[in-house]
Amino acid sequence: MPYIAGVIIFIIISNIVNHRKSKVRHRQKIRRLYGQKPKKRDYDFKEIGYHWQVHKKDVPEDEKIDDISWNDLEMDKVYQRINNCRSFIGDQVLYSKLHCLPMDSLYGQGFEKKLSFFAANAKEREELQVLFSHLGKDSQSYHLPKSIEQLDKHKIPSIWLYRALQLGLILSFLPALVLNNSSYMYLTLVVSVINVATYTIGKVKFEANLNLLRNILGIIATGRTLANTKKFTYEKEFEDIGRLVKPFKGISFIMGLFQMKKDAALSGDMLAILSDYLLGVFLLDFTLYHRIIKGLEARRGEFTDLYMGLGEVDMAISVASFRESLPKYCTPSFTRDHVLDLKGIYHPLIDDPVCNTVTMDKSTIITGSNASGKSTFIKAVAINAILAQNINTCMAQEMKIPYAKIITSMAIRDDLMVGESYYIREIKYLKRIIENISEDRLVICLIDEILRGTNTVERLAASSSVLTFLSSKNCIAIVASHDIELTQILSSLYDNYYFTEKMQDKDIIFDYKIRKGVSSSRNAISLLEHIGFPEQIIKDAKRMVKG
């Protein structure tokens, strides 16, 4: 017996020591990663996007970025560059917020206050990151927004059976107590074995349901902890999470038990896992789950608000880290004037970016040779205009812009599955821009190589007509084009900027700097020559150009 007791004590002490070491390593990792460019990891954007898919119906159309613009701008990659969230709710709320374009300064001012708070309070920031890490990023967790919308599908059928087994366990004690005969405890043992077996089978059968319950309780528990002003100063500063978690005060007694069981399963602590099954004899997981799901049906809206509120805290820490990782950034200044004043702007996905300064007070055509930087620049403008409005952060030295809807027509592809040619798809993209223009909100549209899917004569006629129409509406159009003729046709309506290159030792050098005016360079044939096309092709091409 002393030997067995010694082994048990050794296991307990080892678990305590290892748990403390793990916590220290985790905190060190959080501290090390803050302000660093996030490491690449596999993202399941379908799962991450479940929150947005459920809640985008509540967002006004004028405040959404549509899927075409999102894909044109490679916003999934921008999301990955920003994301340093520690929990699945942070992942999802950040993804949803990046899809939105608020129409006034109230959101930006409140969010900026949180960013400043976390930038200045490193210790509390790290403690909160540890707290959010407990929620984790298990694949099933990302389904929670859909599950909350469909609670009826997540009720456990035949709940009466589990209640009957609970009652049977209680009644099994009566013979031994009434007759004062301990031999009747065998009846209790038999019922306990039946209940543990039922718990084990049910735990597998209803694993997704129990994970849903643990995630719900984990979110509520996180909210209660974050709202604890004795532990965190956050609630004293913002007074938002306490209000959101208050409706769930009645089920606080359940949280400790379920959180302990979840942590035990994740840690692999054998004693804790054993206690899970000892408690499983009472089948509380199933009956309490049923009770909570019924209660949650009546408070679905409040839970959604709590989910969003906590996600915004995790997201704010992530954005603060993103800012710290940038070579430079600024907060935007918003103006009522239809002017884009961009100083030192750059693209967030380029490691060694070239910054550009430009002021656009009306629609603009940007010309330039192939690979000179036109497309990257207009994407940088669009992405910065988006991030200015939804995370109050710009990759620039200074940026003044109006609140506006951002819509693009860039990365167009033939769609063979639906039988659409490049040109058909392109004009549909342009029509959608026109349909989004209204007097209620300025539209900034960004178009890369307008109508390149058709012949030159009709392209110039149609393009100039479309761009003339856009310039007359509540819209700023920024168009990248090879068609110098467009700059001449639209000289009274559009400003002109260009990118260029220079030849040096038979090499083409791009400086990626924007200039006022119209490009006069051509480099399509030079690029063929530069990458080693046969000399005969180069000669023939040059001869045809000379005419």
# chains A, B, ... in the order shown; residues from 1 in each chain; ligands from 1

$ select_by_dssp --residues "segment 55-274 of chain A" --states "alpha helix (DSSP H)" --output "ChimeraX atom specification"
/A:55,67-72,75-82,88-98,105-120,122-133,144-149,159-171,174-178,185-205,207-226,234-238,241-245,252-267,270-274

$ closest_residue --among "A:Lys77, A:Lys29, A:Arg459, A:Arg41" --to "Ser133 of chain A" --atoms "only C-alpha atoms"
A:Lys29

$ select_by_dssp --residues "segment 253-413 of chain A" --states "strand (DSSP E)" --output "ChimeraX atom specification"
/A:333-334,340-345,356-360,364-368,398-401,405-409

$ write_last_selection --atoms "N, CA and C atoms" --output "mmCIF file, in the first residue's frame"
data_model
loop_
_atom_site.group_PDB
_atom_site.id
_atom_site.type_symbol
_atom_site.label_atom_id
_atom_site.label_comp_id
_atom_site.auth_asym_id
_atom_site.auth_seq_id
_atom_site.Cartn_x
_atom_site.Cartn_y
_atom_site.Cartn_z
ATOM 1 N N SER A 333 -7.808 59.672 -41.331
ATOM 2 C CA SER A 333 -8.639 60.850 -41.100
ATOM 3 C C SER A 333 -9.772 60.799 -42.119
ATOM 4 N N PHE A 334 -10.996 60.855 -41.637
ATOM 5 C CA PHE A 334 -12.141 60.759 -42.538
ATOM 6 C C PHE A 334 -12.685 62.153 -42.861
ATOM 7 N N LEU A 340 -9.233 61.510 -51.976
ATOM 8 C CA LEU A 340 -8.339 60.516 -51.391
ATOM 9 C C LEU A 340 -6.948 61.145 -51.314
ATOM 10 N N ASP A 341 -6.513 61.461 -50.099
ATOM 11 C CA ASP A 341 -5.199 62.063 -49.885
ATOM 12 C C ASP A 341 -4.307 60.995 -49.263
ATOM 13 N N LEU A 342 -3.455 60.405 -50.080
ATOM 14 C CA LEU A 342 -2.678 59.224 -49.688
ATOM 15 C C LEU A 342 -1.194 59.562 -49.662
ATOM 16 N N LYS A 343 -0.602 59.487 -48.482
ATOM 17 C CA LYS A 343 0.819 59.791 -48.338
ATOM 18 C C LYS A 343 1.563 58.536 -47.854
ATOM 19 N N GLY A 344 2.508 58.097 -48.674
ATOM 20 C CA GLY A 344 3.328 56.946 -48.302
ATOM 21 C C GLY A 344 2.540 55.659 -48.186
ATOM 22 N N ILE A 345 1.552 55.459 -49.066
ATOM 23 C CA ILE A 345 0.705 54.266 -49.004
ATOM 24 C C ILE A 345 1.436 53.060 -49.586
ATOM 25 N N ASN A 356 3.937 55.125 -51.992
ATOM 26 C CA ASN A 356 3.543 56.128 -52.988
ATOM 27 C C ASN A 356 2.658 57.192 -52.359
ATOM 28 N N THR A 357 2.773 58.394 -52.895
ATOM 29 C CA THR A 357 1.989 59.530 -52.419
ATOM 30 C C THR A 357 1.214 60.124 -53.577
ATOM 31 N N VAL A 358 -0.078 60.319 -53.367
ATOM 32 C CA VAL A 358 -0.932 60.860 -54.429
ATOM 33 C C VAL A 358 -2.198 61.434 -53.810
ATOM 34 N N THR A 359 -2.743 62.450 -54.452
ATOM 35 C CA THR A 359 -4.040 63.000 -54.051
ATOM 36 C C THR A 359 -5.005 62.878 -55.223
ATOM 37 N N MET A 360 -6.115 62.216 -54.993
ATOM 38 C CA MET A 360 -7.133 62.027 -56.028
ATOM 39 C C MET A 360 -8.401 62.744 -55.595
ATOM 40 N N THR A 364 -9.841 58.763 -61.768
ATOM 41 C CA THR A 364 -8.453 58.745 -62.226
ATOM 42 C C THR A 364 -8.182 57.535 -63.114
ATOM 43 N N ILE A 365 -7.410 57.780 -64.173
ATOM 44 C CA ILE A 365 -6.909 56.687 -65.010
ATOM 45 C C ILE A 365 -5.409 56.561 -64.760
ATOM 46 N N ILE A 366 -4.966 55.321 -64.503
ATOM 47 C CA ILE A 366 -3.547 55.066 -64.262
ATOM 48 C C ILE A 366 -3.019 54.213 -65.409
ATOM 49 N N THR A 367 -2.047 54.748 -66.138
ATOM 50 C CA THR A 367 -1.455 54.024 -67.253
ATOM 51 C C THR A 367 -0.051 53.556 -66.880
ATOM 52 N N GLY A 368 0.513 52.763 -67.764
ATOM 53 C CA GLY A 368 1.858 52.246 -67.512
ATOM 54 C C GLY A 368 2.058 50.925 -68.209
ATOM 55 N N GLU A 398 0.231 58.810 -43.939
ATOM 56 C CA GLU A 398 -0.956 59.612 -43.634
ATOM 57 C C GLU A 398 -2.015 59.293 -44.665
ATOM 58 N N MET A 399 -3.276 59.255 -44.235
ATOM 59 C CA MET A 399 -4.337 58.897 -45.177
ATOM 60 C C MET A 399 -5.629 59.612 -44.801
ATOM 61 N N LYS A 400 -6.151 60.408 -45.736
ATOM 62 C CA LYS A 400 -7.426 61.084 -45.575
ATOM 63 C C LYS A 400 -8.375 60.582 -46.658
ATOM 64 N N ILE A 401 -9.495 60.028 -46.227
ATOM 65 C CA ILE A 401 -10.452 59.467 -47.188
ATOM 66 C C ILE A 401 -11.873 59.697 -46.692
ATOM 67 N N LYS A 405 -18.246 52.896 -49.972
ATOM 68 C CA LYS A 405 -18.324 51.481 -50.343
ATOM 69 C C LYS A 405 -17.216 51.198 -51.339
ATOM 70 N N ILE A 406 -16.540 50.071 -51.181
ATOM 71 C CA ILE A 406 -15.438 49.694 -52.071
ATOM 72 C C ILE A 406 -15.904 48.528 -52.943
ATOM 73 N N ILE A 407 -15.754 48.675 -54.248
ATOM 74 C CA ILE A 407 -16.168 47.607 -55.169
ATOM 75 C C ILE A 407 -15.187 47.547 -56.334
ATOM 76 N N THR A 408 -14.843 46.348 -56.772
ATOM 77 C CA THR A 408 -13.773 46.181 -57.759
ATOM 78 C C THR A 408 -14.209 45.314 -58.937
ATOM 79 N N SER A 409 -13.432 45.440 -60.016
ATOM 80 C CA SER A 409 -13.527 44.535 -61.161
ATOM 81 C C SER A 409 -12.108 44.305 -61.639
#

$ closest_residue --among "A:Leu528, A:Glu124, A:Cys85, A:Asp483" --to "Lys231 of chain A" --atoms "only C-alpha atoms"
A:Glu124

$ decode --residues "segment 61-90 of chain A" --atoms "N, CA and C atoms" --output "compact mmCIF listing (two decimals), in the first residue's frame"
# COMPACT_ATOMS: atom_id res chain seq x y z
N GLU A 61 -26.64 46.37 -47.04
CA GLU A 61 -25.89 46.09 -48.26
C GLU A 61 -24.79 47.11 -48.51
N ASP A 62 -25.04 48.37 -48.17
CA ASP A 62 -24.05 49.42 -48.38
C ASP A 62 -22.82 49.26 -47.49
N GLU A 63 -22.91 48.38 -46.49
CA GLU A 63 -21.81 48.19 -45.56
C GLU A 63 -21.10 46.85 -45.75
N LYS A 64 -21.36 46.18 -46.86
CA LYS A 64 -20.74 44.88 -47.12
C LYS A 64 -19.71 44.99 -48.25
N ILE A 65 -18.67 44.18 -48.16
CA ILE A 65 -17.77 43.95 -49.28
C ILE A 65 -18.25 42.69 -49.98
N ASP A 66 -18.56 42.78 -51.26
CA ASP A 66 -19.09 41.59 -51.93
C ASP A 66 -17.98 40.58 -52.22
N ASP A 67 -18.39 39.37 -52.56
CA ASP A 67 -17.43 38.27 -52.74
C ASP A 67 -16.46 38.54 -53.88
N ILE A 68 -16.93 39.20 -54.94
CA ILE A 68 -16.05 39.48 -56.08
C ILE A 68 -14.92 40.40 -55.66
N SER A 69 -15.26 41.49 -54.97
CA SER A 69 -14.22 42.42 -54.51
C SER A 69 -13.30 41.74 -53.50
N TRP A 70 -13.86 40.94 -52.61
CA TRP A 70 -13.05 40.22 -51.61
C TRP A 70 -12.01 39.35 -52.30
N ASN A 71 -12.43 38.62 -53.33
CA ASN A 71 -11.50 37.74 -54.04
C ASN A 71 -10.52 38.51 -54.92
N ASP A 72 -11.01 39.59 -55.57
CA ASP A 72 -10.12 40.43 -56.38
C ASP A 72 -8.93 40.92 -55.56
N LEU A 73 -9.21 41.31 -54.33
CA LEU A 73 -8.19 41.93 -53.48
C LEU A 73 -7.43 40.93 -52.63
N GLU A 74 -7.71 39.63 -52.82
CA GLU A 74 -7.07 38.56 -52.05
C GLU A 74 -7.18 38.83 -50.54
N MET A 75 -8.40 39.15 -50.13
CA MET A 75 -8.60 39.51 -48.74
C MET A 75 -8.43 38.35 -47.77
N ASP A 76 -8.52 37.12 -48.26
CA ASP A 76 -8.19 35.98 -47.39
C ASP A 76 -6.73 36.06 -46.95
N LYS A 77 -5.86 36.46 -47.86
CA LYS A 77 -4.44 36.60 -47.52
C LYS A 77 -4.21 37.79 -46.58
N VAL A 78 -4.96 38.87 -46.80
CA VAL A 78 -4.87 40.03 -45.90
C VAL A 78 -5.33 39.61 -44.50
N TYR A 79 -6.41 38.84 -44.44
CA TYR A 79 -6.90 38.32 -43.16
C TYR A 79 -5.81 37.51 -42.44
N GLN A 80 -5.14 36.63 -43.19
CA GLN A 80 -4.08 35.82 -42.59
C GLN A 80 -2.93 36.69 -42.08
N ARG A 81 -2.65 37.78 -42.81
CA ARG A 81 -1.57 38.68 -42.38
C ARG A 81 -1.91 39.39 -41.08
N ILE A 82 -3.18 39.66 -40.86
CA ILE A 82 -3.62 40.38 -39.66
C ILE A 82 -3.83 39.43 -38.48
N ASN A 83 -4.28 38.23 -38.76
CA ASN A 83 -4.83 37.36 -37.71
C ASN A 83 -3.77 36.83 -36.74
N ASN A 84 -3.87 37.27 -35.50
CA ASN A 84 -3.08 36.72 -34.41
C ASN A 84 -4.01 36.38 -33.25
N CYS A 85 -5.27 36.07 -33.56
CA CYS A 85 -6.27 35.77 -32.54
C CYS A 85 -5.92 34.45 -31.84
N ARG A 86 -6.35 34.33 -30.60
CA ARG A 86 -6.04 33.13 -29.81
C ARG A 86 -7.21 32.17 -29.72
N SER A 87 -8.38 32.55 -30.24
CA SER A 87 -9.57 31.71 -30.10
C SER A 87 -10.33 31.65 -31.41
N PHE A 88 -11.22 30.67 -31.50
CA PHE A 88 -12.04 30.54 -32.71
C PHE A 88 -13.00 31.71 -32.84
N ILE A 89 -13.48 32.27 -31.73
CA ILE A 89 -14.40 33.40 -31.86
C ILE A 89 -13.66 34.64 -32.37
N GLY A 90 -12.39 34.80 -31.97
CA GLY A 90 -11.60 35.91 -32.51
C GLY A 90 -11.39 35.74 -34.00
